[in-house]
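Engineer: My structure file data39.pdb, PDB, C-alpha atoms, pLDDT in the B column, is below:
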```pdb
ATOM      1  CA  MET A   1      37.528  33.797  -5.905  1.00 52.00           C
ATOM      2  CA  ALA A   2      34.297  31.864  -5.309  1.00 53.00           C
ATOM      3  CA  ARG A   3      34.508  28.100  -4.964  1.00 51.00           C
ATOM      4  CA  LYS A   4      32.180  25.924  -6.989  1.00 49.00           C
ATOM      5  CA  ALA A   5      29.848  23.728  -5.026  1.00 48.00           C
ATOM      6  CA  ALA A   6      30.762  20.098  -5.323  1.00 47.00           C
ATOM      7  CA  ALA A   7      28.506  18.195  -7.698  1.00 43.00           C
ATOM      8  CA  PRO A   8      26.393  15.566  -5.968  1.00 47.00           C
ATOM      9  CA  ALA A   9      27.976  12.154  -6.233  1.00 55.00           C
ATOM     10  CA  GLN A  10      26.173   9.910  -8.666  1.00 59.00           C
ATOM     11  CA  GLN A  11      25.378   6.390  -7.639  1.00 56.00           C
ATOM     12  CA  THR A  12      27.015   3.835  -9.898  1.00 62.00           C
ATOM     13  CA  GLN A  13      25.190   0.690 -10.871  1.00 59.00           C
ATOM     14  CA  GLY A  14      25.274  -1.804  -8.029  1.00 67.00           C
ATOM     15  CA  GLU A  15      26.240   0.776  -5.422  1.00 79.00           C
ATOM     16  CA  LEU A  16      23.680   1.086  -2.651  1.00 81.00           C
ATOM     17  CA  THR A  17      23.360   3.565   0.169  1.00 85.00           C
ATOM     18  CA  ASN A  18      23.287   2.387   3.765  1.00 87.00           C
ATOM     19  CA  GLU A  19      19.595   3.289   3.830  1.00 87.00           C
ATOM     20  CA  GLN A  20      18.925   1.074   0.799  1.00 85.00           C
ATOM     21  CA  LEU A  21      20.967  -1.783   2.272  1.00 88.00           C
ATOM     22  CA  ASN A  22      19.077  -1.552   5.554  1.00 88.00           C
ATOM     23  CA  ALA A  23      15.738  -1.530   3.697  1.00 88.00           C
ATOM     24  CA  ILE A  24      16.783  -4.682   1.846  1.00 89.00           C
ATOM     25  CA  ASP A  25      17.813  -6.348   5.126  1.00 91.00           C
ATOM     26  CA  ARG A  26      14.401  -5.527   6.629  1.00 90.00           C
ATOM     27  CA  ALA A  27      12.554  -6.789   3.537  1.00 89.00           C
ATOM     28  CA  VAL A  28      14.527 -10.063   3.430  1.00 91.00           C
ATOM     29  CA  GLY A  29      14.033 -10.584   7.159  1.00 91.00           C
ATOM     30  CA  GLY A  30      10.327  -9.921   6.793  1.00 89.00           C
ATOM     31  CA  GLN A  31      10.088 -12.567   4.080  1.00 90.00           C
ATOM     32  CA  VAL A  32      11.915 -15.053   6.311  1.00 92.00           C
ATOM     33  CA  ARG A  33       9.496 -14.334   9.148  1.00 91.00           C
ATOM     34  CA  MET A  34       6.402 -14.548   6.933  1.00 89.00           C
ATOM     35  CA  ARG A  35       7.489 -17.852   5.403  1.00 89.00           C
ATOM     36  CA  ARG A  36       8.383 -19.322   8.807  1.00 89.00           C
ATOM     37  CA  ILE A  37       4.964 -18.393  10.194  1.00 87.00           C
ATOM     38  CA  LEU A  38       3.141 -19.659   7.084  1.00 86.00           C
ATOM     39  CA  LEU A  39       4.793 -23.029   7.613  1.00 86.00           C
ATOM     40  CA  GLY A  40       3.859 -22.974  11.297  1.00 85.00           C
ATOM     41  CA  LEU A  41       7.444 -23.101  12.494  1.00 88.00           C
ATOM     42  CA  SER A  42       8.600 -21.443  15.697  1.00 91.00           C
ATOM     43  CA  GLN A  43      11.668 -19.241  15.915  1.00 91.00           C
ATOM     44  CA  GLU A  44      13.120 -21.764  18.307  1.00 93.00           C
ATOM     45  CA  ALA A  45      12.674 -24.680  15.875  1.00 93.00           C
ATOM     46  CA  VAL A  46      14.238 -22.831  12.927  1.00 94.00           C
ATOM     47  CA  SER A  47      17.084 -21.385  14.991  1.00 95.00           C
ATOM     48  CA  LYS A  48      17.897 -24.845  16.354  1.00 95.00           C
ATOM     49  CA  VAL A  49      18.352 -26.221  12.814  1.00 95.00           C
ATOM     50  CA  LEU A  50      20.469 -23.171  11.949  1.00 95.00           C
ATOM     51  CA  GLY A  51      22.598 -23.648  15.062  1.00 95.00           C
ATOM     52  CA  LEU A  52      21.671 -20.194  16.377  1.00 94.00           C
ATOM     53  CA  THR A  53      19.821 -18.763  19.327  1.00 94.00           C
ATOM     54  CA  PHE A  54      16.254 -17.685  18.651  1.00 90.00           C
ATOM     55  CA  GLN A  55      17.355 -14.126  19.475  1.00 93.00           C
ATOM     56  CA  GLN A  56      19.750 -14.229  16.507  1.00 94.00           C
ATOM     57  CA  LEU A  57      16.919 -15.386  14.238  1.00 94.00           C
ATOM     58  CA  GLN A  58      14.810 -12.527  15.622  1.00 93.00           C
ATOM     59  CA  LYS A  59      17.544 -10.079  14.623  1.00 94.00           C
ATOM     60  CA  TYR A  60      17.583 -11.561  11.116  1.00 95.00           C
ATOM     61  CA  GLU A  61      13.794 -11.327  10.858  1.00 91.00           C
ATOM     62  CA  HIS A  62      13.758  -7.689  11.966  1.00 90.00           C
ATOM     63  CA  GLY A  63      16.605  -6.768   9.631  1.00 90.00           C
ATOM     64  CA  THR A  64      18.817  -5.754  12.543  1.00 92.00           C
ATOM     65  CA  ASN A  65      21.501  -8.218  11.427  1.00 94.00           C
ATOM     66  CA  ARG A  66      22.308  -8.948   7.777  1.00 95.00           C
ATOM     67  CA  ILE A  67      21.855 -12.546   6.615  1.00 96.00           C
ATOM     68  CA  SER A  68      24.802 -14.030   4.720  1.00 96.00           C
ATOM     69  CA  GLY A  69      24.369 -15.807   1.399  1.00 95.00           C
ATOM     70  CA  SER A  70      25.093 -19.230   2.867  1.00 96.00           C
ATOM     71  CA  ARG A  71      22.619 -18.613   5.682  1.00 96.00           C
ATOM     72  CA  LEU A  72      19.961 -17.532   3.150  1.00 96.00           C
ATOM     73  CA  TYR A  73      20.560 -20.738   1.238  1.00 96.00           C
ATOM     74  CA  GLN A  74      20.181 -22.750   4.447  1.00 96.00           C
ATOM     75  CA  LEU A  75      16.965 -20.866   5.263  1.00 96.00           C
ATOM     76  CA  SER A  76      15.620 -21.626   1.783  1.00 94.00           C
ATOM     77  CA  LEU A  77      16.136 -25.340   2.452  1.00 95.00           C
ATOM     78  CA  ILE A  78      14.495 -25.161   5.884  1.00 94.00           C
ATOM     79  CA  LEU A  79      11.583 -23.022   4.660  1.00 93.00           C
ATOM     80  CA  HIS A  80      11.099 -24.957   1.390  1.00 92.00           C
ATOM     81  CA  CYS A  81      11.390 -21.993  -0.962  1.00 92.00           C
ATOM     82  CA  PRO A  82      13.894 -20.686  -3.500  1.00 93.00           C
ATOM     83  CA  VAL A  83      16.429 -18.109  -2.313  1.00 93.00           C
ATOM     84  CA  SER A  84      14.799 -15.625  -4.707  1.00 91.00           C
ATOM     85  CA  PHE A  85      11.647 -15.734  -2.550  1.00 89.00           C
ATOM     86  CA  PHE A  86      13.403 -13.641   0.082  1.00 91.00           C
ATOM     87  CA  PHE A  87      13.982 -10.855  -2.453  1.00 88.00           C
ATOM     88  CA  GLU A  88      10.525 -10.778  -4.068  1.00 86.00           C
ATOM     89  CA  THR A  89       9.459  -7.579  -2.318  1.00 83.00           C
ATOM     90  CA  ILE A  90      12.618  -5.645  -3.254  1.00 82.00           C
ATOM     91  CA  ASP A  91      12.987  -3.197  -6.146  1.00 68.00           C
ATOM     92  CA  VAL A  92      16.595  -2.053  -5.961  1.00 59.00           C
ATOM     93  CA  LYS A  93      16.602  -0.361  -9.380  1.00 55.00           C
ATOM     94  CA  GLY A  94      13.799   1.943  -8.316  1.00 51.00           C
ATOM     95  CA  ALA A  95      15.466   2.465  -4.945  1.00 47.00           C
ATOM     96  CA  ALA A  96      14.126   1.407  -1.592  1.00 53.00           C
ATOM     97  CA  GLU A  97      12.071   4.606  -1.259  1.00 58.00           C
ATOM     98  CA  ALA A  98      10.203   4.000  -4.521  1.00 46.00           C
ATOM     99  CA  ALA A  99       9.445   0.404  -3.571  1.00 48.00           C
ATOM    100  CA  GLN A 100       8.144   1.515  -0.175  1.00 55.00           C
ATOM    101  CA  ALA A 101       6.035   4.275  -1.762  1.00 54.00           C
ATOM    102  CA  THR A 102       4.515   1.800  -4.221  1.00 44.00           C
ATOM    103  CA  TYR A 103       3.760  -0.670  -1.443  1.00 49.00           C
ATOM    104  CA  GLU A 104       2.119   2.022   0.684  1.00 57.00           C
ATOM    105  CA  ALA A 105       0.091   3.366  -2.259  1.00 51.00           C
ATOM    106  CA  ALA A 106      -1.216  -0.112  -3.047  1.00 46.00           C
ATOM    107  CA  ALA A 107      -2.114  -0.670   0.592  1.00 48.00           C
ATOM    108  CA  GLU A 108      -3.950   2.666   0.762  1.00 55.00           C
ATOM    109  CA  ALA A 109      -5.812   1.900  -2.463  1.00 46.00           C
ATOM    110  CA  ASP A 110      -7.091  -1.324  -0.963  1.00 47.00           C
ATOM    111  CA  GLU A 111      -7.592   0.304   2.447  1.00 56.00           C
ATOM    112  CA  VAL A 112      -5.350  -2.324   3.983  1.00 55.00           C
ATOM    113  CA  PRO A 113      -2.628  -1.427   6.506  1.00 60.00           C
ATOM    114  CA  ALA A 114       0.848  -1.600   4.953  1.00 59.00           C
ATOM    115  CA  ASP A 115       2.092  -3.999   7.645  1.00 68.00           C
ATOM    116  CA  LEU A 116      -0.896  -6.356   7.478  1.00 68.00           C
ATOM    117  CA  MET A 117       1.048  -9.368   6.174  1.00 68.00           C
ATOM    118  CA  LYS A 118       3.598  -8.920   8.935  1.00 73.00           C
ATOM    119  CA  LYS A 119       0.978  -9.658  11.593  1.00 79.00           C
ATOM    120  CA  ARG A 120       0.880 -13.164  12.977  1.00 82.00           C
ATOM    121  CA  LYS A 121      -2.939 -13.407  12.961  1.00 85.00           C
ATOM    122  CA  THR A 122      -3.095 -12.452   9.279  1.00 82.00           C
ATOM    123  CA  VAL A 123      -0.587 -15.106   8.325  1.00 81.00           C
ATOM    124  CA  GLU A 124      -2.345 -17.694  10.503  1.00 85.00           C
ATOM    125  CA  LEU A 125      -5.674 -16.796   8.893  1.00 84.00           C
ATOM    126  CA  VAL A 126      -4.237 -17.201   5.397  1.00 82.00           C
ATOM    127  CA  ARG A 127      -2.619 -20.517   6.337  1.00 84.00           C
ATOM    128  CA  ALA A 128      -5.889 -21.813   7.849  1.00 86.00           C
ATOM    129  CA  PHE A 129      -7.894 -20.610   4.845  1.00 84.00           C
ATOM    130  CA  TYR A 130      -5.708 -22.438   2.337  1.00 83.00           C
ATOM    131  CA  ALA A 131      -5.671 -25.547   4.522  1.00 87.00           C
ATOM    132  CA  ILE A 132      -9.368 -25.941   3.631  1.00 87.00           C
ATOM    133  CA  GLU A 133      -9.117 -28.360   0.729  1.00 87.00           C
ATOM    134  CA  ASP A 134     -12.738 -28.233  -0.419  1.00 85.00           C
ATOM    135  CA  GLU A 135     -13.197 -25.228  -2.728  1.00 83.00           C
ATOM    136  CA  LYS A 136     -16.890 -24.851  -1.819  1.00 87.00           C
ATOM    137  CA  ALA A 137     -16.078 -24.855   1.892  1.00 87.00           C
ATOM    138  CA  ARG A 138     -13.312 -22.287   1.311  1.00 84.00           C
ATOM    139  CA  THR A 139     -15.727 -20.032  -0.607  1.00 85.00           C
ATOM    140  CA  ALA A 140     -18.314 -20.418   2.167  1.00 87.00           C
ATOM    141  CA  ALA A 141     -15.716 -19.514   4.804  1.00 86.00           C
ATOM    142  CA  LEU A 142     -14.770 -16.398   2.843  1.00 84.00           C
ATOM    143  CA  GLY A 143     -18.440 -15.425   2.562  1.00 84.00           C
ATOM    144  CA  LEU A 144     -18.882 -15.898   6.296  1.00 87.00           C
ATOM    145  CA  LEU A 145     -15.897 -13.701   7.099  1.00 84.00           C
ATOM    146  CA  LYS A 146     -17.133 -10.994   4.737  1.00 82.00           C
ATOM    147  CA  SER A 147     -20.600 -11.085   6.344  1.00 85.00           C
ATOM    148  CA  ILE A 148     -19.129 -10.809   9.835  1.00 87.00           C
ATOM    149  CA  SER A 149     -16.916  -7.892   8.825  1.00 81.00           C
ATOM    150  CA  LYS A 150     -19.841  -6.014   7.233  1.00 82.00           C
ATOM    151  CA  ALA A 151     -22.001  -6.607  10.307  1.00 85.00           C
ATOM    152  CA  SER A 152     -19.335  -5.275  12.625  1.00 81.00           C
ATOM    153  CA  ALA A 153     -18.606  -2.161  10.534  1.00 71.00           C
TER     154      ALA A 153
END
```
For this file, produce the structure as structure tokens.
Structural biologist:
Amino acid sequence: MARKAAAPAQQTQGELTNEQLNAIDRAVGGQVRMRRILLGLSQEAVSKVLGLTFQQLQKYEHGTNRISGSRLYQLSLILHCPVSFFFETIDVKGAAEAAQATYEAAAEADEVPADLMKKRKTVELVRAFYAIEDEKARTAALGLLKSISKASA
């Protein structure tokens, strides 16, 4: 007598695979890192307030170690943002793969590398740009950067 193949297990609402959980950890850590850099804070300064080593903060930022709810709350106070900020790049309902595919498609459409906002120089450039208070000066700076990029292409 032939045995029936087991039906694939369906995911119930709220149940996440290890892959999805790890993707969320990486996304949350990336948001922590981006916000820290935007504020001009070092890993050492933030980890000192948290009572951690900077290596532990590095593990959080890379998604190697999961950040607890209380630690996320503490980070939101240190980084002057709501806890929800850390989850803004996550689309759990559509699964981690769909969110990543959407992010990559948008990056390709704009011809911008998918990891661009994870680079320190990009974040520093954005921070410096928005530190220019005069709107005309900011527009002139943007025009200058565009001219330089066209000339070097």
Engineer: Evaluate the PyMOL selection byres ((chain A and resi 70-84) around 9) and record the selected residues as a PyMOL selection string, following the chain and residue labels used in the document.
Structural biologist: chain A and resi 32+35-36+39+41+46+49-50+67-69+85-88
Engineer: Out of A:Ser47, A:Asn65, A:Ser42, A:Leu57, which residue has the shortest atom-to-atom distance to Ile24 in chain A when counting all atoms listed in the file?
Structural biologist: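 Of A:Ser47, A:Asn65, A:Ser42, A:Leu57, the one nearest Ile24 in chain A is A:Asn65, counting all atoms listed in the file.
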Engineer: Between CA of Lys48 in chain A and CA of Phe129 in chain A, what is the distance in Å, rounded to a tenth?
Structural biologist: 28.6 Å
Engineer: Counting all atoms listed in the file, what is within 12 Å of Leu142 in chain A, bar same-chain residues fewer than 6 positions away, as a PyMOL selection string?
Structural biologist: chain A and resi 125-126+128-130+132+135-136+148-149
Engineer: CA of Ala45 in chain A and CA of Leu21 in chain A, how far apart in Å?
Structural biologist: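 Atom-to-atom, CA of Leu21 in chain A and CA of Ala45 in chain A are spaced 27.9 Å apart.
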Engineer: Residues within 7 Å of Met34 in chain A, please, as a list in words. Count only C-alpha atoms; anything in the same chain fewer than 4 positions from it doesn't count.
Structural biologist: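 The filter keeps Gly30, Leu38 and Lys118 of chain A.
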Engineer: What box, with edges along x, y and z, holds each listed atom of range 73-84 of chain A when 8 Å is added on every side, and can you state its centre and edge lengths in Å to one decimal, as lines of an AutoDock Vina configuration file?
Structural biologist:
```
center_x = 15.8
center_y = -20.5
center_z = 0.6
size_x = 25.5
size_y = 25.7
size_z = 26.6
```
